[in-house]
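Student: Please find one structure pasted underneath; my questions will follow.
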Amino acid sequence: MASGGVPKVLDFLSLIGKLKGLKRTGWIRKNVPEPETVASHMYRMAIMTFFLGNDSTLNRDRCMKLALVHDMAESIVGDITPHDGVSKQEKHRREKQAMEDIAKLAGNDLGNEFLSLWQEYEEQTTPEAKVVHDIDRFDMVLQAHNYETAEPDRGRFLQEFFDSTQDRFQHPLVIEWMTELNKQRNRSQQEKINSTSSQT
């Protein structure tokens, strides 16, 4: 445990707790009512990793840890998106500094683990990091679909999120999920068209 013991652990937990209230920037920008938080995004990602259990090429527990740590730095730097005018290099620098500060609060062993997991996700050099990146993207488009379904009068107002992920998924399971999601989205669109036609 880091110097300072329990007080530093509580400081760490309070800092990470900010993610429970930090709303994701992309949804705010698109005027989504009651947008999800960073913590809720990471929670569903972590749940998704359970479905990787049949893939013997992956360490599922490591995938779960990566999902829970990959956006941890946002508790300090916020949810930076490409629309914020911050370069990828600067975003990485800010987040790395944030993770180093977070690691100091968590203590030597856990802090080093958090920092290592974050760096692994950033570098995208392991199978686990790559599949969690796929899951990150998929959770985004699934959430976009959820929002579009909740506001059918706005049509496909979150299309840009689907466009940004087109043909970018690599893991077979996530590709399967995306195929089904597209079917559901197209079905919903057709049902709306049919409903509109019947009313005219």
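Residue names in the structure tokens use chain letters A, B, ... in the order shown, residue numbers from 1 in each chain, and ligand numbers from 1 in the order shown.
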Skipping near chain neighbours, those fewer than 5 positions away, what residues fall within 9 Å of Trp27 of chain A using only C-alpha atoms, listed as number ranges by chain?

Tutor: A: 32-36, 144, 158

Student: Please report as JSON lines every residue of segment 2-54 of chain A lying within 12 Å of segment 101-121 of chain A, along with the nearest atom pair and their distance in Å (one decimal), using only C-alpha atoms.

Tutor:
```
{"residue": "A:Ala2", "atom": "CA", "partner": "A:Gly107", "partner_atom": "CA", "distance": 3.9}
{"residue": "A:Ser3", "atom": "CA", "partner": "A:Gly107", "partner_atom": "CA", "distance": 7.5}
{"residue": "A:Gly4", "atom": "CA", "partner": "A:Leu105", "partner_atom": "CA", "distance": 8.9}
{"residue": "A:Gly5", "atom": "CA", "partner": "A:Gly107", "partner_atom": "CA", "distance": 8.2}
{"residue": "A:Val6", "atom": "CA", "partner": "A:Ala106", "partner_atom": "CA", "distance": 9.9}
{"residue": "A:Pro7", "atom": "CA", "partner": "A:Leu105", "partner_atom": "CA", "distance": 9.1}
{"residue": "A:Lys8", "atom": "CA", "partner": "A:Leu105", "partner_atom": "CA", "distance": 5.3}
{"residue": "A:Val9", "atom": "CA", "partner": "A:Ala106", "partner_atom": "CA", "distance": 5.9}
{"residue": "A:Leu10", "atom": "CA", "partner": "A:Leu105", "partner_atom": "CA", "distance": 8.7}
{"residue": "A:Asp11", "atom": "CA", "partner": "A:Leu105", "partner_atom": "CA", "distance": 6.9}
{"residue": "A:Phe12", "atom": "CA", "partner": "A:Leu105", "partner_atom": "CA", "distance": 5.4}
{"residue": "A:Leu13", "atom": "CA", "partner": "A:Ala106", "partner_atom": "CA", "distance": 8.6}
{"residue": "A:Ser14", "atom": "CA", "partner": "A:Leu105", "partner_atom": "CA", "distance": 10.6}
{"residue": "A:Leu15", "atom": "CA", "partner": "A:Ile102", "partner_atom": "CA", "distance": 8.3}
{"residue": "A:Ile16", "atom": "CA", "partner": "A:Ile102", "partner_atom": "CA", "distance": 8.7}
```

Student: Just to be explicit: take each residue in the selection above, keep N, CA and C atoms, and write the result as a PDB file, in the first residue's frame.

Tutor:
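Output file part-v3.pdb is given in full below:
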```pdb
ATOM      1  N   ALA A   2       0.459   2.297  -0.661  1.00  0.00           N
ATOM      2  CA  ALA A   2       1.267   3.504  -0.775  1.00  0.00           C
ATOM      3  C   ALA A   2       1.419   4.182   0.579  1.00  0.00           C
ATOM      4  N   SER A   3       2.442   5.015   0.660  1.00  0.00           N
ATOM      5  CA  SER A   3       2.626   5.810   1.857  1.00  0.00           C
ATOM      6  C   SER A   3       1.370   6.647   2.085  1.00  0.00           C
ATOM      7  N   GLY A   4       0.843   6.636   3.313  1.00  0.00           N
ATOM      8  CA  GLY A   4      -0.401   7.346   3.569  1.00  0.00           C
ATOM      9  C   GLY A   4      -1.540   6.383   3.794  1.00  0.00           C
ATOM     10  N   GLY A   5      -1.368   5.127   3.333  1.00  0.00           N
ATOM     11  CA  GLY A   5      -2.316   4.061   3.633  1.00  0.00           C
ATOM     12  C   GLY A   5      -3.737   4.349   3.249  1.00  0.00           C
ATOM     13  N   VAL A   6      -4.641   4.106   4.204  1.00  0.00           N
ATOM     14  CA  VAL A   6      -6.084   4.198   3.958  1.00  0.00           C
ATOM     15  C   VAL A   6      -6.504   5.569   3.423  1.00  0.00           C
ATOM     16  N   PRO A   7      -6.002   6.685   3.956  1.00  0.00           N
ATOM     17  CA  PRO A   7      -6.420   7.977   3.399  1.00  0.00           C
ATOM     18  C   PRO A   7      -6.195   8.086   1.886  1.00  0.00           C
ATOM     19  N   LYS A   8      -5.063   7.557   1.398  1.00  0.00           N
ATOM     20  CA  LYS A   8      -4.797   7.629  -0.043  1.00  0.00           C
ATOM     21  C   LYS A   8      -5.733   6.714  -0.822  1.00  0.00           C
ATOM     22  N   VAL A   9      -6.070   5.573  -0.242  1.00  0.00           N
ATOM     23  CA  VAL A   9      -7.022   4.677  -0.909  1.00  0.00           C
ATOM     24  C   VAL A   9      -8.367   5.376  -1.047  1.00  0.00           C
ATOM     25  N   LEU A  10      -8.788   6.072   0.006  1.00  0.00           N
ATOM     26  CA  LEU A  10     -10.061   6.783  -0.062  1.00  0.00           C
ATOM     27  C   LEU A  10      -9.999   7.930  -1.071  1.00  0.00           C
ATOM     28  N   ASP A  11      -8.844   8.590  -1.150  1.00  0.00           N
ATOM     29  CA  ASP A  11      -8.670   9.640  -2.157  1.00  0.00           C
ATOM     30  C   ASP A  11      -8.774   9.043  -3.555  1.00  0.00           C
ATOM     31  N   PHE A  12      -8.159   7.883  -3.740  1.00  0.00           N
ATOM     32  CA  PHE A  12      -8.224   7.196  -5.029  1.00  0.00           C
ATOM     33  C   PHE A  12      -9.670   6.853  -5.387  1.00  0.00           C
ATOM     34  N   LEU A  13     -10.393   6.264  -4.439  1.00  0.00           N
ATOM     35  CA  LEU A  13     -11.767   5.854  -4.694  1.00  0.00           C
ATOM     36  C   LEU A  13     -12.674   7.058  -4.969  1.00  0.00           C
ATOM     37  N   SER A  14     -12.427   8.152  -4.264  1.00  0.00           N
ATOM     38  CA  SER A  14     -13.217   9.365  -4.505  1.00  0.00           C
ATOM     39  C   SER A  14     -12.929   9.933  -5.889  1.00  0.00           C
ATOM     40  N   LEU A  15     -11.667   9.877  -6.289  1.00  0.00           N
ATOM     41  CA  LEU A  15     -11.298  10.369  -7.618  1.00  0.00           C
ATOM     42  C   LEU A  15     -11.945   9.522  -8.708  1.00  0.00           C
ATOM     43  N   ILE A  16     -11.828   8.212  -8.599  1.00  0.00           N
ATOM     44  CA  ILE A  16     -12.425   7.312  -9.584  1.00  0.00           C
ATOM     45  C   ILE A  16     -13.950   7.444  -9.578  1.00  0.00           C
TER      46      ILE A  16
END
```

Student: Go through A:Lys30, A:Lys18, A:Arg24, A:Arg93 and flag the residue nearest Glu160 of chain A, using only C-alpha atoms for the distances.

Tutor: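 Answer, going by the shortest atom-to-atom distance: A:Lys30.
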
Student: Which of segment 10-164 of chain A counts as helix (DSSP H, G or I) under DSSP, as a VMD selection string please?

Tutor: chain A and resid 10 to 20 25 to 29 38 to 52 60 to 69 74 to 77 82 to 84 88 to 106 108 to 123 127 to 150 152 to 154 159 to 163

Student: Report, in Å to a single decimal, how far apart atom CA of Thr165 of chain A and atom CA of Gly26 of chain A are.

Tutor: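 Atom CA of Gly26 of chain A sits 14.3 Å away from atom CA of Thr165 of chain A.
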
Student: Give the answer as one residue: which of A:Val132, A:Cys63, A:Leu173, A:Ile193 has the shortest atom-to-atom distance to Pro152 of chain A, using only C-alpha atoms?

Tutor: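 Once distances to Pro152 of chain A are computed over only C-alpha atoms, the minimum belongs to A:Ile193.
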
Student: So what do you get for atom CA of Asn182 of chain A versus atom CA of Phe138 of chain A, distance-wise?

Tutor: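 Spanning atom CA of Asn182 of chain A to atom CA of Phe138 of chain A is a straight-line distance of 11.4 Å.
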
Student: For Met48 of chain A, work out the shell of residues within 9 Å, counting only C-alpha atoms and skipping chain neighbours fewer than 4 positions away, then give it as a compact mmCIF listing (two decimals) with all heavy atoms, in the first residue's frame.

Tutor:
```txt
# COMPACT_ATOMS: atom_id res chain seq x y z
N TYR A 43 -18.67 -0.14 -17.33
CA TYR A 43 -19.35 -1.27 -16.67
C TYR A 43 -19.92 -2.23 -17.72
O TYR A 43 -19.71 -3.45 -17.63
CB TYR A 43 -20.46 -0.76 -15.76
CG TYR A 43 -21.34 -1.87 -15.24
CD1 TYR A 43 -20.89 -2.71 -14.22
CD2 TYR A 43 -22.60 -2.11 -15.78
CE1 TYR A 43 -21.68 -3.75 -13.75
CE2 TYR A 43 -23.39 -3.14 -15.31
CZ TYR A 43 -22.94 -3.96 -14.30
OH TYR A 43 -23.71 -4.99 -13.84
N ARG A 44 -20.62 -1.70 -18.72
CA ARG A 44 -21.19 -2.61 -19.72
C ARG A 44 -20.09 -3.27 -20.54
O ARG A 44 -20.22 -4.44 -20.91
CB ARG A 44 -22.20 -1.90 -20.63
CG ARG A 44 -22.92 -2.89 -21.55
CD ARG A 44 -24.19 -2.36 -22.16
NE ARG A 44 -23.94 -1.27 -23.10
CZ ARG A 44 -24.92 -0.68 -23.80
NH1 ARG A 44 -26.18 -1.07 -23.63
NH2 ARG A 44 -24.64 0.29 -24.63
N LEU A 52 -16.64 -13.61 -23.75
CA LEU A 52 -15.41 -14.07 -24.41
C LEU A 52 -14.94 -15.40 -23.84
O LEU A 52 -13.89 -15.90 -24.22
CB LEU A 52 -14.30 -13.03 -24.25
CG LEU A 52 -14.57 -11.65 -24.85
CD1 LEU A 52 -13.48 -10.67 -24.42
CD2 LEU A 52 -14.63 -11.73 -26.38
N MET A 64 -11.36 -8.06 -18.90
CA MET A 64 -12.24 -7.36 -17.97
C MET A 64 -11.49 -6.22 -17.28
O MET A 64 -12.01 -5.10 -17.13
CB MET A 64 -12.79 -8.33 -16.93
CG MET A 64 -13.87 -7.74 -16.05
SD MET A 64 -14.51 -8.95 -14.86
CE MET A 64 -15.18 -10.19 -15.98
N ILE A 135 -14.68 -3.98 -28.31
CA ILE A 135 -15.82 -3.89 -27.39
C ILE A 135 -16.13 -2.43 -27.07
O ILE A 135 -17.31 -2.04 -26.95
CB ILE A 135 -15.52 -4.71 -26.11
CG1 ILE A 135 -15.59 -6.21 -26.43
CG2 ILE A 135 -16.48 -4.34 -24.98
CD1 ILE A 135 -15.16 -7.10 -25.29
N ASP A 139 -19.76 -1.00 -27.84
CA ASP A 139 -20.62 -0.42 -26.82
C ASP A 139 -21.10 0.96 -27.24
O ASP A 139 -22.25 1.34 -26.98
CB ASP A 139 -19.89 -0.32 -25.48
CG ASP A 139 -20.78 0.23 -24.39
OD1 ASP A 139 -21.72 -0.48 -23.98
OD2 ASP A 139 -20.59 1.39 -23.96
```

Student: Residues at most 9 Å from Lys20 of chain A, counting only C-alpha atoms, excluding those fewer than 3 positions away in the same chain, as a ChimeraX atom specification?

Tutor: /A:16-17,23,37-40

Student: Please measure the separation of atom CA of Phe51 of chain A and atom CA of Glu122 of chain A, giving the value in Å to one decimal.

Tutor: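 Separating atom CA of Phe51 of chain A from atom CA of Glu122 of chain A is a distance of 22.6 Å.
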
Student: Please list as a list in words every residue within 8 Å of Ile80 of chain A, counting only C-alpha atoms and excluding residues in the same chain fewer than 5 positions away.

Tutor: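 In the requested form, the answer reads Thr25, Glu74, Val86 and Lys91 of chain A.
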